[in-house]
>>> print(open('upload22.txt').read())   # compact mmCIF, C-alpha atoms and all ligand atoms
# COMPACT_ATOMS: atom_id res chain seq x y z
CA MET A 28 -6.53 -13.47 -13.10
CA ASP A 29 -6.84 -12.01 -9.63
CA THR A 30 -5.89 -8.35 -9.75
CA VAL A 31 -6.40 -7.60 -6.08
CA GLY A 32 -3.20 -6.34 -4.54
CA VAL A 33 -1.56 -3.29 -3.09
CA THR A 34 0.43 -0.34 -4.39
CA CYS A 35 4.02 0.34 -3.32
CA ALA A 36 4.04 3.52 -1.24
CA ARG A 37 7.41 4.60 -2.66
CA CYS A 38 7.30 3.92 -6.40
CA GLY A 39 3.60 3.39 -6.96
CA ARG A 40 4.07 -0.02 -8.60
CA PHE A 41 1.10 -2.35 -8.30
CA ILE A 42 1.98 -5.49 -6.34
CA GLN A 43 -0.08 -8.56 -7.17
CA ARG A 44 -1.79 -10.47 -4.42
CA GLY A 45 0.59 -13.14 -3.12
CA ASP A 46 3.75 -11.27 -4.17
CA PRO A 47 6.07 -10.22 -1.34
CA VAL A 48 5.71 -6.80 0.28
CA TRP A 49 7.56 -5.16 3.14
CA HIS A 50 5.76 -3.21 5.84
CA ILE A 51 7.11 0.10 7.06
CA HIS A 52 5.99 1.26 10.50
CA LEU A 53 7.16 4.71 11.43
CA THR A 54 6.34 6.57 14.64
CA LEU A 55 7.35 10.08 15.56
CA THR A 56 7.30 10.84 19.27
CA ALA A 57 8.26 14.11 20.90
CA ASP A 58 11.08 14.30 23.41
CA THR A 59 13.96 16.57 24.34
CA ALA A 60 17.54 15.95 23.29
CA ASP A 61 18.22 14.98 26.89
CA GLY A 62 15.16 12.75 27.20
CA TRP A 63 12.26 13.54 29.46
CA HIS A 64 14.74 14.33 32.20
CA GLY A 65 16.10 17.20 30.15
CA TYR A 66 14.16 19.69 32.22
CA ASP A 67 16.51 21.30 34.67
CA ALA A 68 15.06 21.24 38.14
CA ASN A 69 16.80 21.27 41.49
CA THR A 70 13.72 21.62 43.66
CA PRO A 71 10.07 20.53 43.43
CA GLU A 72 9.18 24.21 42.98
CA ASP A 73 11.38 24.31 39.87
CA VAL A 74 9.44 21.35 38.49
CA ASP A 75 6.12 23.09 39.21
CA THR A 76 7.31 26.32 37.62
CA GLN A 77 8.56 24.58 34.50
CA LEU A 78 5.45 22.41 34.27
CA ASN A 79 3.18 25.45 34.52
CA ALA A 80 5.19 27.26 31.84
CA LEU A 81 4.90 24.19 29.60
CA LEU A 82 1.15 23.92 30.18
CA GLN A 83 0.72 27.61 29.32
CA ARG A 84 2.58 27.10 26.04
CA ILE A 85 0.51 24.00 25.28
CA ASP A 86 -2.73 25.97 25.79
CA LEU A 87 -1.70 28.26 22.91
CA ILE A 88 -1.35 25.41 20.40
CA PRO A 89 -4.43 24.10 18.54
CA GLN A 90 -5.33 20.54 19.63
CA ASP A 91 -4.80 18.84 16.26
CA MET A 92 -1.44 20.57 15.76
CA LEU A 93 -0.39 19.61 19.27
CA GLU A 94 -1.25 15.95 18.68
CA ASN A 95 0.82 15.90 15.50
CA GLN A 96 3.72 17.54 17.32
CA VAL A 97 3.67 14.89 20.04
CA PHE A 98 2.88 11.68 18.20
CA GLN A 99 2.36 10.50 14.64
CA ALA A 100 2.28 6.97 13.28
CA PHE A 101 2.58 5.85 9.67
CA HIS A 102 2.25 2.48 8.02
CA CYS A 103 2.73 1.51 4.40
CA VAL A 104 3.98 -1.33 2.23
CA VAL A 105 6.76 -1.24 -0.36
CA CYS A 106 7.93 -3.56 -3.14
CA ARG A 107 11.21 -5.53 -3.12
CA THR A 108 13.12 -2.90 -5.12
CA CYS A 109 12.05 -0.08 -2.82
CA ARG A 110 12.82 -2.25 0.23
CA ASP A 111 16.38 -2.68 -1.05
CA ILE A 112 16.76 1.05 -1.69
CA LEU A 113 15.34 2.04 1.70
CA ALA A 114 17.33 -0.59 3.60
CA ALA A 115 20.58 0.59 1.99
CA ASN A 116 19.95 4.25 2.82
CA PRO A 117 16.92 4.65 5.11
CA TRP A 118 17.22 8.43 5.47
CA GLN A 119 17.90 8.95 1.77
CA ARG A 120 21.01 10.96 2.47
CA PRO A 121 23.15 11.86 -0.50
CA TRP A 122 26.10 9.53 -0.91
CA GLU A 123 29.34 11.10 0.26
CA GLN A 124 31.84 11.44 -2.52
CA ASP A 125 35.54 10.86 -2.03
CA ALA A 126 37.57 14.07 -1.95
ZN ZN B 1 8.35 0.22 -4.96
>>> encode(input="upload22.txt", output="structure tokens", more="lines below")
Ligand SMILES: [Zn+2]
Amino acid sequence: MDTVGVTCARCGRFIQRGDPVWHIHLTLTADTADGWHGYDANTPEDVDTQLNALLQRIDLIPQDMLENQVFQAFHCVVCRTCRDILAANPWQRPWEQDA
């Protein structure tokens, strides 16, 4: 019996080779609530001033922390049961109860 397979990232169940799995790709990218145009600038000087202020703040943040704050990517596989659970409630919010 071939025991090569993968482990479900959510429940830890071993998934045999050849059994179905579902891939989860998650990326976190930094932005502002208004998008990249959220910086308020009426003149090119405003842009320069804000850009310099941003660069000064960036200089204070360690490189690895800065990279994680700007971009992170995750990939994993889950089993059928966990796929169903995640698809029904991706953000795992508590179900709202009727009043
Ligand atoms: Zn699972």
>>> residues_around(input="upload22.txt", residues="Phe98 (chain A)", least_positions_apart="6", cutoff="8 Å", atoms="only C-alpha atoms", output="ChimeraX atom specification")
/A:54-57
>>> atom_distance(input="upload22.txt", atom1="atom ZN of ligand ZN 1 (chain B)", atom2="CA of Val105 (chain A)")
5.1 Å
>>> residues_near_ligand(input="upload22.txt", ligand="ligand ZN 1 (chain B)", cutoff="12 Å", atoms="all atoms listed in the file", output="ChimeraX atom specification")
/A:33-42,47-50,103-113
>>> atom_distance(input="upload22.txt", atom1="CA of Pro121 (chain A)", atom2="CA of Asp61 (chain A)")
28.0 Å
>>> atom_distance(input="upload22.txt", atom1="CA of Gln43 (chain A)", atom2="CA of Gln119 (chain A)")
26.6 Å
>>> closest_residue(input="upload22.txt", among="A:Leu53, A:Leu87, A:Glu123, A:Ala80", to="Phe101 (chain A)", atoms="all atoms listed in the file")
A:Leu53
>>> closest_residue(input="upload22.txt", among="A:Gln124, A:Pro117, A:Leu78, A:Val97", to="Thr59 (chain A)", atoms="all atoms listed in the file")
A:Val97
